file final.pdb (PDB, C-alpha atoms and all ligand atoms)
ATOM      1  CA  LYS A  15      83.296  83.709 117.530
ATOM      2  CA  ARG A  16      86.948  84.659 117.571
ATOM      3  CA  VAL A  17      88.953  83.435 120.534
ATOM      4  CA  VAL A  18      92.497  84.208 121.653
ATOM      5  CA  VAL A  19      94.094  81.844 124.183
ATOM      6  CA  LEU A  20      96.789  82.879 126.683
ATOM      7  CA  LEU A  21      98.961  80.243 128.334
ATOM      8  CA  SER A  22     102.295  79.712 130.058
ATOM      9  CA  GLY A  23     102.830  75.977 130.144
ATOM     10  CA  ASN A  24     101.919  72.520 128.969
ATOM     11  CA  GLY A  25      98.677  73.533 127.286
ATOM     12  CA  SER A  26      96.569  70.440 127.945
ATOM     13  CA  THR A  27      93.664  72.852 128.415
ATOM     14  CA  LEU A  28      94.395  74.444 125.034
ATOM     15  CA  GLN A  29      94.490  70.952 123.518
ATOM     16  CA  ALA A  30      90.992  70.238 124.802
ATOM     17  CA  LEU A  31      89.758  73.524 123.304
ATOM     18  CA  ILE A  32      91.403  72.647 119.977
ATOM     19  CA  ASP A  33      89.935  69.142 119.986
ATOM     20  CA  GLN A  34      86.391  70.408 120.618
ATOM     21  CA  GLN A  35      86.608  73.291 118.162
ATOM     22  CA  PRO A  36      85.021  71.473 115.189
ATOM     23  CA  ASP A  37      81.825  70.894 117.215
ATOM     24  CA  SER A  38      81.754  74.370 118.743
ATOM     25  CA  HIS A  39      80.884  77.981 118.027
ATOM     26  CA  TYR A  40      84.416  79.299 118.512
ATOM     27  CA  GLU A  41      87.549  79.580 116.461
ATOM     28  CA  ILE A  42      90.934  79.904 118.151
ATOM     29  CA  VAL A  43      92.602  82.617 116.073
ATOM     30  CA  ALA A  44      95.863  82.851 118.037
ATOM     31  CA  VAL A  45      97.712  81.579 121.074
ATOM     32  CA  PHE A  46      99.874  83.879 123.210
ATOM     33  CA  SER A  47     102.448  82.793 125.755
ATOM     34  CA  ASN A  48     104.567  84.746 128.217
ATOM     35  CA  ARG A  49     107.034  81.851 128.121
ATOM     36  CA  PRO A  50     108.728  81.140 124.798
ATOM     37  CA  ASP A  51     109.403  77.518 125.876
ATOM     38  CA  ALA A  52     105.770  76.688 126.740
ATOM     39  CA  TYR A  53     104.750  73.358 125.206
ATOM     40  CA  GLY A  54     101.319  74.857 124.530
ATOM     41  CA  LEU A  55     102.913  76.831 121.659
ATOM     42  CA  GLN A  56     103.902  73.564 120.010
ATOM     43  CA  ARG A  57     100.332  72.304 120.362
ATOM     44  CA  ALA A  58      99.118  75.484 118.636
ATOM     45  CA  ALA A  59     101.650  75.027 115.846
ATOM     46  CA  ASN A  60     100.513  71.420 115.352
ATOM     47  CA  ALA A  61      96.966  72.703 114.888
ATOM     48  CA  ASN A  62      98.106  75.488 112.523
ATOM     49  CA  ILE A  63      97.109  78.208 114.953
ATOM     50  CA  PRO A  64      99.331  81.326 114.897
ATOM     51  CA  GLN A  65     101.446  81.643 118.029
ATOM     52  CA  HIS A  66     102.961  84.669 119.722
ATOM     53  CA  ALA A  67     105.526  84.375 122.491
ATOM     54  CA  PHE A  68     106.673  87.377 124.471
ATOM     55  CA  ASP A  69     109.148  86.898 127.251
ATOM     56  CA  HIS A  70     108.014  89.001 130.180
ATOM     57  CA  LYS A  71     111.661  89.258 131.226
ATOM     58  CA  ASP A  72     112.229  91.485 128.166
ATOM     59  CA  PHE A  73     109.924  94.135 129.612
ATOM     60  CA  SER A  74     110.815  96.375 132.511
ATOM     61  CA  ASP A  75     107.444  96.057 134.228
ATOM     62  CA  ARG A  76     104.112  94.276 134.172
ATOM     63  CA  SER A  77     102.108  97.137 132.746
ATOM     64  CA  LEU A  78     104.419  97.550 129.727
ATOM     65  CA  PHE A  79     104.296  93.837 129.034
ATOM     66  CA  ASP A  80     100.505  93.749 129.334
ATOM     67  CA  GLN A  81     100.155  96.833 127.159
ATOM     68  CA  HIS A  82     102.201  95.166 124.442
ATOM     69  CA  MET A  83     100.071  92.029 124.662
ATOM     70  CA  MET A  84      96.908  94.117 124.648
ATOM     71  CA  GLN A  85      97.906  95.841 121.422
ATOM     72  CA  LYS A  86      98.742  92.570 119.711
ATOM     73  CA  ILE A  87      95.518  90.922 120.899
ATOM     74  CA  ASN A  88      93.399  93.920 119.858
ATOM     75  CA  GLN A  89      94.674  93.640 116.311
ATOM     76  CA  LEU A  90      93.021  90.220 116.167
ATOM     77  CA  ASN A  91      89.618  91.554 117.174
ATOM     78  CA  PRO A  92      88.716  88.710 119.534
ATOM     79  CA  ASP A  93      85.255  88.144 120.995
ATOM     80  CA  TYR A  94      86.796  86.297 123.954
ATOM     81  CA  VAL A  95      90.225  86.125 125.544
ATOM     82  CA  VAL A  96      90.621  82.770 127.250
ATOM     83  CA  LEU A  97      93.199  82.050 129.952
ATOM     84  CA  ALA A  98      94.382  78.450 129.856
ATOM     85  CA  GLY A  99      97.104  78.023 132.459
ATOM     86  CA  TYR A 100      98.318  81.611 132.114
ATOM     87  CA  MET A 101     100.500  81.925 135.191
ATOM     88  CA  ARG A 102     100.913  85.682 135.388
ATOM     89  CA  ILE A 103      98.716  88.161 137.166
ATOM     90  CA  LEU A 104      97.217  90.537 134.611
ATOM     91  CA  SER A 105      97.344  94.278 135.174
ATOM     92  CA  SER A 106      94.056  95.951 135.991
ATOM     93  CA  LYS A 107      94.239  97.965 132.774
ATOM     94  CA  PHE A 108      94.359  94.748 130.732
ATOM     95  CA  VAL A 109      91.525  93.209 132.749
ATOM     96  CA  ARG A 110      89.345  96.304 132.420
ATOM     97  CA  HIS A 111      89.978  96.543 128.701
ATOM     98  CA  PHE A 112      88.748  92.977 128.100
ATOM     99  CA  SER A 113      86.086  93.078 130.794
ATOM    100  CA  GLY A 114      83.198  90.682 130.031
ATOM    101  CA  ARG A 115      85.310  88.984 127.351
ATOM    102  CA  LEU A 116      88.066  87.585 129.561
ATOM    103  CA  ILE A 117      87.585  84.147 131.123
ATOM    104  CA  ASN A 118      89.648  81.719 133.178
ATOM    105  CA  ILE A 119      89.426  78.212 134.569
ATOM    106  CA  HIS A 120      90.626  77.733 138.121
ATOM    107  CA  PRO A 121      91.084  74.297 139.695
ATOM    108  CA  SER A 122      88.945  74.743 142.796
ATOM    109  CA  LEU A 123      85.382  75.367 143.799
ATOM    110  CA  LEU A 124      85.724  79.124 144.085
ATOM    111  CA  PRO A 125      85.549  81.074 146.337
ATOM    112  CA  LYS A 126      87.460  78.286 148.105
ATOM    113  CA  HIS A 127      91.179  77.840 147.462
ATOM    114  CA  LYS A 128      92.102  80.855 145.381
ATOM    115  CA  GLY A 129      95.661  81.110 144.068
ATOM    116  CA  LEU A 130      98.166  78.283 143.677
ATOM    117  CA  ASN A 131      98.376  74.732 145.094
ATOM    118  CA  THR A 132      94.634  74.231 145.309
ATOM    119  CA  TYR A 133      94.906  70.425 145.451
ATOM    120  CA  GLN A 134      97.139  70.454 148.466
ATOM    121  CA  SER A 135      95.048  73.079 150.137
ATOM    122  CA  ALA A 136      91.807  71.115 149.569
ATOM    123  CA  LEU A 137      93.392  67.923 150.958
ATOM    124  CA  GLU A 138      94.863  69.720 153.955
ATOM    125  CA  SER A 139      91.530  71.363 154.737
ATOM    126  CA  GLY A 140      89.863  67.931 154.859
ATOM    127  CA  ASP A 141      87.398  68.920 152.138
ATOM    128  CA  CYS A 142      85.017  66.201 150.920
ATOM    129  CA  GLU A 143      84.901  67.617 147.430
ATOM    130  CA  HIS A 144      86.979  69.567 144.971
ATOM    131  CA  GLY A 145      86.480  70.683 141.402
ATOM    132  CA  THR A 146      86.896  73.471 138.939
ATOM    133  CA  THR A 147      85.408  76.865 138.176
ATOM    134  CA  VAL A 148      85.085  78.755 134.907
ATOM    135  CA  HIS A 149      84.751  82.451 135.679
ATOM    136  CA  PHE A 150      85.021  85.944 134.268
ATOM    137  CA  VAL A 151      88.290  87.614 135.171
ATOM    138  CA  THR A 152      88.232  90.795 137.224
ATOM    139  CA  ALA A 153      91.103  92.741 138.735
ATOM    140  CA  GLU A 154      90.853  90.812 142.001
ATOM    141  CA  LEU A 155      92.459  87.349 141.703
ATOM    142  CA  ASP A 156      90.044  84.419 141.130
ATOM    143  CA  SER A 157      87.039  86.546 142.088
ATOM    144  CA  GLY A 158      84.974  87.363 138.970
ATOM    145  CA  ALA A 159      81.422  86.147 138.268
ATOM    146  CA  ILE A 160      81.202  82.359 138.101
ATOM    147  CA  ILE A 161      80.113  80.897 134.783
ATOM    148  CA  LEU A 162      80.165  77.207 135.610
ATOM    149  CA  GLN A 163      81.424  74.853 138.318
ATOM    150  CA  SER A 164      81.968  71.143 138.286
ATOM    151  CA  THR A 165      82.504  69.054 141.400
ATOM    152  CA  LEU A 166      83.989  65.680 142.271
ATOM    153  CA  PRO A 167      84.286  63.802 145.582
ATOM    154  CA  ILE A 168      87.694  63.597 147.268
ATOM    155  CA  ARG A 169      88.665  60.000 148.060
ATOM    156  CA  HIS A 170      90.509  58.959 151.228
ATOM    157  CA  SER A 171      93.293  57.601 149.058
ATOM    158  CA  ASP A 172      93.706  60.826 147.054
ATOM    159  CA  THR A 173      97.074  62.517 146.753
ATOM    160  CA  VAL A 174      97.817  65.845 145.087
ATOM    161  CA  GLN A 175      98.659  63.915 141.914
ATOM    162  CA  THR A 176      95.541  61.740 141.734
ATOM    163  CA  LEU A 177      93.266  64.645 142.568
ATOM    164  CA  GLU A 178      94.946  66.863 139.995
ATOM    165  CA  GLN A 179      94.597  64.173 137.355
ATOM    166  CA  ARG A 180      90.843  63.822 137.936
ATOM    167  CA  VAL A 181      90.200  67.565 138.120
ATOM    168  CA  LYS A 182      92.217  68.184 134.958
ATOM    169  CA  SER A 183      90.319  65.613 132.975
ATOM    170  CA  MET A 184      87.101  67.260 134.183
ATOM    171  CA  GLU A 185      88.425  70.693 133.166
ATOM    172  CA  GLN A 186      89.109  69.422 129.686
ATOM    173  CA  LYS A 187      85.398  68.688 129.262
ATOM    174  CA  VAL A 188      84.044  71.698 131.093
ATOM    175  CA  TYR A 189      86.097  74.534 129.578
ATOM    176  CA  PRO A 190      85.284  73.845 125.913
ATOM    177  CA  LEU A 191      81.639  73.461 126.898
ATOM    178  CA  ALA A 192      81.477  76.751 128.797
ATOM    179  CA  LEU A 193      83.235  78.577 125.975
ATOM    180  CA  ASP A 194      80.906  77.056 123.417
ATOM    181  CA  TRP A 195      77.840  78.155 125.429
ATOM    182  CA  LEU A 196      79.232  81.691 125.697
ATOM    183  CA  CYS A 197      80.017  81.841 121.996
ATOM    184  CA  SER A 198      76.658  80.432 120.915
ATOM    185  CA  GLY A 199      74.823  82.926 123.145
ATOM    186  CA  ARG A 200      73.267  80.221 125.394
ATOM    187  CA  LEU A 201      75.202  81.714 128.258
ATOM    188  CA  ILE A 202      75.227  85.445 128.835
ATOM    189  CA  CYS A 203      76.289  87.816 131.572
ATOM    190  CA  LYS A 204      73.667  90.428 132.377
ATOM    191  CA  ASP A 205      73.011  92.629 135.409
ATOM    192  CA  ASN A 206      76.163  91.172 137.000
ATOM    193  CA  ALA A 207      74.704  87.660 136.896
ATOM    194  CA  VAL A 208      75.267  84.736 134.573
ATOM    195  CA  TRP A 209      72.249  83.408 132.650
ATOM    196  CA  LEU A 210      71.947  80.066 130.867
ATOM    197  CA  ASP A 211      69.064  79.576 128.436
ATOM    198  CA  ASN A 212      67.354  82.746 129.739
ATOM    199  CA  GLN A 213      67.499  81.597 133.389
ATOM    200  CA  PRO A 214      69.786  83.196 135.975
ATOM    201  CA  LEU A 215      72.294  80.622 137.320
TER     202      LEU A 215
HETATM  203  C1  LIG B 301      94.721  74.007 134.512
HETATM  204  O1  LIG B 301      94.559  73.038 135.507
HETATM  205  C2  LIG B 301      93.897  75.223 134.861
HETATM  206  O2  LIG B 301      92.892  74.970 135.779
HETATM  207  C3  LIG B 301      94.863  76.152 135.529
HETATM  208  O3  LIG B 301      96.083  75.876 134.942
HETATM  209  C4  LIG B 301      96.137  74.539 134.496
HETATM  210  C5  LIG B 301      96.738  74.567 133.127
HETATM  211  O4  LIG B 301      97.253  73.358 132.716
HETATM  212  N1  LIG B 301      94.391  77.506 135.408
HETATM  213  P1  LIG B 301      97.751  73.154 131.205
HETATM  214  O5  LIG B 301      98.969  74.034 130.997
HETATM  215  O6  LIG B 301      96.643  73.554 130.295
HETATM  216  O7  LIG B 301      98.102  71.717 131.066
END
call {"tool": "encode", "arguments": {"input": "final.pdb", "output": "structure tokens", "more": "lines below"}}
Ligand code: GRF
result
Amino acid sequence: KRVVVLLSGNGSTLQALIDQQPDSHYEIVAVFSNRPDAYGLQRAANANIPQHAFDHKDFSDRSLFDQHMMQKINQLNPDYVVLAGYMRILSSKFVRHFSGRLINIHPSLLPKHKGLNTYQSALESGDCEHGTTVHFVTAELDSGAIILQSTLPIRHSDTVQTLEQRVKSMEQKVYPLALDWLCSGRLICKDNAVWLDNQPL
């Protein structure tokens, strides 16, 4: 299946998707960034994946920027559009257009800790566990149907940095796996629920 990845930063998540690609049912056909200096673009170049960088500051508003991206992505005919550290809210038109084909990974056990700074917020709330969620993207932030969650215990000694490090290394296993299951057809979304191997999750 054809996959387009959107990112804004370092791209360690993209790297994990690239590394797992040979054993998976997806092919990353392009990487898009809204930041021309994102290191993720370099990672794409190193893997010979075409890259497209559009600076959102060159567009007068969000909907024009998203419309431009949408056109460019459509030309590539993707089966899935995968957000991997894409740090811009997408317009509802973009989200609707790719509905059911647009996925994200968020570093918390949704619906807890939506938005930014999830590590700090989990530590400050005294949570015993944290983790990551792969989900479909809908117009409301971090709220679409959950595809897969993975959990780890929070240690007394944890700081934002140590927790982030452990969650990120978990994300790098979980995201390629979830995408592979979607692309192989093991995982499907039907009747507003997510099914794995013909069982509702
Ligand atoms: C990941 O932790 C992901 O959960 C979040 O953004 C981060 C991206 O990191 N959505 P990187 O740019 O892939 O290193």
call {"tool": "residues_near_ligand", "arguments": {"input": "final.pdb", "ligand": "ligand LIG 301 (chain B)", "cutoff": "6 Å", "atoms": "only C-alpha atoms and all ligand atoms", "output": "PyMOL selection string"}}
result
chain A and resi 23-28+98-99+119-121+182
call {"tool": "resolve_selection", "arguments": {"input": "final.pdb", "expression": "the PyMOL selection byres (((chain A and resi 136) around 10) and not hetatm)", "output": "PyMOL selection string"}}
result
chain A and resi 122-123+126-127+131-135+137-145+168+174+177
call {"tool": "resolve_selection", "arguments": {"input": "final.pdb", "expression": "the PyMOL selection byres (((chain A and resi 198) around 12) and not hetatm)", "output": "PDB file with C-alpha atoms, keeping the file's coordinate frame"}}
result
ATOM      1  CA  LYS A  15      83.296  83.709 117.530  1.00  0.00           C
ATOM      2  CA  ARG A  16      86.948  84.659 117.571  1.00  0.00           C
ATOM      3  CA  ASP A  37      81.825  70.894 117.215  1.00  0.00           C
ATOM      4  CA  SER A  38      81.754  74.370 118.743  1.00  0.00           C
ATOM      5  CA  HIS A  39      80.884  77.981 118.027  1.00  0.00           C
ATOM      6  CA  TYR A  40      84.416  79.299 118.512  1.00  0.00           C
ATOM      7  CA  GLU A  41      87.549  79.580 116.461  1.00  0.00           C
ATOM      8  CA  ASP A  93      85.255  88.144 120.995  1.00  0.00           C
ATOM      9  CA  PRO A 190      85.284  73.845 125.913  1.00  0.00           C
ATOM     10  CA  LEU A 191      81.639  73.461 126.898  1.00  0.00           C
ATOM     11  CA  ALA A 192      81.477  76.751 128.797  1.00  0.00           C
ATOM     12  CA  LEU A 193      83.235  78.577 125.975  1.00  0.00           C
ATOM     13  CA  ASP A 194      80.906  77.056 123.417  1.00  0.00           C
ATOM     14  CA  TRP A 195      77.840  78.155 125.429  1.00  0.00           C
ATOM     15  CA  LEU A 196      79.232  81.691 125.697  1.00  0.00           C
ATOM     16  CA  CYS A 197      80.017  81.841 121.996  1.00  0.00           C
ATOM     17  CA  GLY A 199      74.823  82.926 123.145  1.00  0.00           C
ATOM     18  CA  ARG A 200      73.267  80.221 125.394  1.00  0.00           C
ATOM     19  CA  LEU A 201      75.202  81.714 128.258  1.00  0.00           C
ATOM     20  CA  ILE A 202      75.227  85.445 128.835  1.00  0.00           C
ATOM     21  CA  LEU A 210      71.947  80.066 130.867  1.00  0.00           C
ATOM     22  CA  ASP A 211      69.064  79.576 128.436  1.00  0.00           C
TER      23      ASP A 211
END
call {"tool": "atom_distance", "arguments": {"input": "final.pdb", "atom1": "CA of Leu20 in chain A", "atom2": "CA of Leu215 in chain A"}}
result
26.8 Å
call {"tool": "closest_residue", "arguments": {"input": "final.pdb", "among": "A:Leu162, A:Gln56, A:Gly114, A:Arg180", "to": "Pro214 in chain A", "atoms": "only C-alpha atoms"}}
result
A:Leu162
call {"tool": "residues_around", "arguments": {"input": "final.pdb", "residues": "Pro125 in chain A", "least_positions_apart": "6", "cutoff": "10 Å", "atoms": "only C-alpha atoms", "output": "PyMOL selection string"}}
result
chain A and resi 147+156-158+160
call {"tool": "write_last_selection", "arguments": {"input": "final.pdb", "atoms": "C-alpha atoms", "output": "PDB file, in the frame of the given file"}}
result
ATOM      1  CA  THR A 147      85.408  76.865 138.176  1.00  0.00           C
ATOM      2  CA  ASP A 156      90.044  84.419 141.130  1.00  0.00           C
ATOM      3  CA  SER A 157      87.039  86.546 142.088  1.00  0.00           C
ATOM      4  CA  GLY A 158      84.974  87.363 138.970  1.00  0.00           C
ATOM      5  CA  ILE A 160      81.202  82.359 138.101  1.00  0.00           C
TER       6      ILE A 160
END
call {"tool": "atom_distance", "arguments": {"input": "final.pdb", "atom1": "CA of His149 in chain A", "atom2": "CA of Val95 in chain A"}}
result
12.1 Å
call {"tool": "atom_distance", "arguments": {"input": "final.pdb", "atom1": "CA of Gln186 in chain A", "atom2": "CA of Met83 in chain A"}}
result
25.6 Å
call {"tool": "axis_aligned_box", "arguments": {"input": "final.pdb", "around": "range 49-60 of chain A", "padding_each_side": "6 Å", "output": "JSON"}}
result
{"center_x": 104.3, "center_y": 76.6, "center_z": 121.7, "size_x": 22.3, "size_y": 22.4, "size_z": 24.8}
call {"tool": "closest_residue", "arguments": {"input": "final.pdb", "among": "A:Tyr100, A:Phe46, A:Trp209, A:Tyr94", "to": "Phe112 in chain A", "atoms": "only C-alpha atoms"}}
result
A:Tyr94
call {"tool": "closest_residue", "arguments": {"input": "final.pdb", "among": "A:Leu104, A:Ile63, A:Ala58, A:Val151", "to": "Ser77 in chain A", "atoms": "all atoms listed in the file"}}
result
A:Leu104
call {"tool": "decode", "arguments": {"input": "final.pdb", "residues": "range 75-147 of chain A", "atoms": "C-alpha atoms", "output": "PDB file, in the first residue's frame"}}
result
ATOM      1  CA  ASP A  75      -3.827  31.048   5.983  1.00  0.00           C
ATOM      2  CA  ARG A  76      -4.137  27.459   7.126  1.00  0.00           C
ATOM      3  CA  SER A  77      -6.770  26.428   4.627  1.00  0.00           C
ATOM      4  CA  LEU A  78      -4.707  27.599   1.628  1.00  0.00           C
ATOM      5  CA  PHE A  79      -1.658  25.780   2.923  1.00  0.00           C
ATOM      6  CA  ASP A  80      -3.636  22.593   3.553  1.00  0.00           C
ATOM      7  CA  GLN A  81      -5.300  22.827   0.156  1.00  0.00           C
ATOM      8  CA  HIS A  82      -1.904  23.033  -1.508  1.00  0.00           C
ATOM      9  CA  MET A  83      -0.678  20.020   0.453  1.00  0.00           C
ATOM     10  CA  MET A  84      -3.873  18.143  -0.342  1.00  0.00           C
ATOM     11  CA  GLN A  85      -3.395  18.647  -4.069  1.00  0.00           C
ATOM     12  CA  LYS A  86       0.210  17.498  -3.953  1.00  0.00           C
ATOM     13  CA  ILE A  87      -0.644  14.457  -1.821  1.00  0.00           C
ATOM     14  CA  ASN A  88      -3.593  13.507  -4.048  1.00  0.00           C
ATOM     15  CA  GLN A  89      -1.316  13.342  -7.060  1.00  0.00           C
ATOM     16  CA  LEU A  90       0.512  10.506  -5.309  1.00  0.00           C
ATOM     17  CA  ASN A  91      -2.636   8.450  -4.825  1.00  0.00           C
ATOM     18  CA  PRO A  92      -1.865   7.299  -1.282  1.00  0.00           C
ATOM     19  CA  ASP A  93      -3.774   4.578   0.558  1.00  0.00           C
ATOM     20  CA  TYR A  94      -2.762   6.114   3.898  1.00  0.00           C
ATOM     21  CA  VAL A  95      -1.523   9.498   5.052  1.00  0.00           C
ATOM     22  CA  VAL A  96       0.558   9.042   8.180  1.00  0.00           C
ATOM     23  CA  LEU A  97       1.338  11.837  10.639  1.00  0.00           C
ATOM     24  CA  ALA A  98       4.726  11.376  12.277  1.00  0.00           C
ATOM     25  CA  GLY A  99       5.395  14.379  14.491  1.00  0.00           C
ATOM     26  CA  TYR A 100       3.411  16.747  12.273  1.00  0.00           C
ATOM     27  CA  MET A 101       3.051  19.739  14.565  1.00  0.00           C
ATOM     28  CA  ARG A 102       0.314  21.663  12.797  1.00  0.00           C
ATOM     29  CA  ILE A 103      -3.404  21.350  13.258  1.00  0.00           C
ATOM     30  CA  LEU A 104      -4.959  20.191   9.992  1.00  0.00           C
ATOM     31  CA  SER A 105      -7.975  21.984   8.570  1.00  0.00           C
ATOM     32  CA  SER A 106     -11.249  20.101   8.710  1.00  0.00           C
ATOM     33  CA  LYS A 107     -11.409  20.025   4.914  1.00  0.00           C
ATOM     34  CA  PHE A 108      -8.077  18.178   4.780  1.00  0.00           C
ATOM     35  CA  VAL A 109      -9.147  15.783   7.536  1.00  0.00           C
ATOM     36  CA  ARG A 110     -12.486  15.050   5.876  1.00  0.00           C
ATOM     37  CA  HIS A 111     -10.862  14.486   2.509  1.00  0.00           C
ATOM     38  CA  PHE A 112      -8.525  11.807   3.905  1.00  0.00           C
ATOM     39  CA  SER A 113     -11.030  10.437   6.396  1.00  0.00           C
ATOM     40  CA  GLY A 114     -10.361   6.754   7.204  1.00  0.00           C
ATOM     41  CA  ARG A 115      -6.924   7.017   5.581  1.00  0.00           C
ATOM     42  CA  LEU A 116      -5.338   9.532   7.947  1.00  0.00           C
ATOM     43  CA  ILE A 117      -3.581   8.245  11.069  1.00  0.00           C
ATOM     44  CA  ASN A 118      -1.500   9.704  13.883  1.00  0.00           C
ATOM     45  CA  ILE A 119       0.509   8.556  16.871  1.00  0.00           C
ATOM     46  CA  HIS A 120       0.068  10.541  20.057  1.00  0.00           C
ATOM     47  CA  PRO A 121       2.295  10.064  23.108  1.00  0.00           C
ATOM     48  CA  SER A 122      -0.370   9.412  25.728  1.00  0.00           C
ATOM     49  CA  LEU A 123      -3.056   6.933  26.581  1.00  0.00           C
ATOM     50  CA  LEU A 124      -5.865   8.826  24.895  1.00  0.00           C
ATOM     51  CA  PRO A 125      -8.341  10.186  25.856  1.00  0.00           C
ATOM     52  CA  LYS A 126      -5.948  11.277  28.619  1.00  0.00           C
ATOM     53  CA  HIS A 127      -3.461  14.078  27.970  1.00  0.00           C
ATOM     54  CA  LYS A 128      -4.464  15.406  24.578  1.00  0.00           C
ATOM     55  CA  GLY A 129      -2.327  18.134  23.014  1.00  0.00           C
ATOM     56  CA  LEU A 130       1.259  19.020  23.893  1.00  0.00           C
ATOM     57  CA  ASN A 131       3.512  18.234  26.888  1.00  0.00           C
ATOM     58  CA  THR A 132       1.908  14.895  27.651  1.00  0.00           C
ATOM     59  CA  TYR A 133       4.895  13.647  29.675  1.00  0.00           C
ATOM     60  CA  GLN A 134       4.803  16.547  32.054  1.00  0.00           C
ATOM     61  CA  SER A 135       1.071  16.348  32.340  1.00  0.00           C
ATOM     62  CA  ALA A 136       1.151  12.599  33.128  1.00  0.00           C
ATOM     63  CA  LEU A 137       3.838  13.126  35.798  1.00  0.00           C
ATOM     64  CA  GLU A 138       2.017  16.076  37.333  1.00  0.00           C
ATOM     65  CA  SER A 139      -1.241  14.132  37.460  1.00  0.00           C
ATOM     66  CA  GLY A 140       0.483  11.366  39.447  1.00  0.00           C
ATOM     67  CA  ASP A 141      -0.438   8.770  36.825  1.00  0.00           C
ATOM     68  CA  CYS A 142       0.915   5.245  37.364  1.00  0.00           C
ATOM     69  CA  GLU A 143       1.167   4.586  33.662  1.00  0.00           C
ATOM     70  CA  HIS A 144       1.715   6.353  30.385  1.00  0.00           C
ATOM     71  CA  GLY A 145       2.035   5.220  26.801  1.00  0.00           C
ATOM     72  CA  THR A 146       1.101   5.899  23.240  1.00  0.00           C
ATOM     73  CA  THR A 147      -1.942   5.739  20.996  1.00  0.00           C
TER      74      THR A 147
END
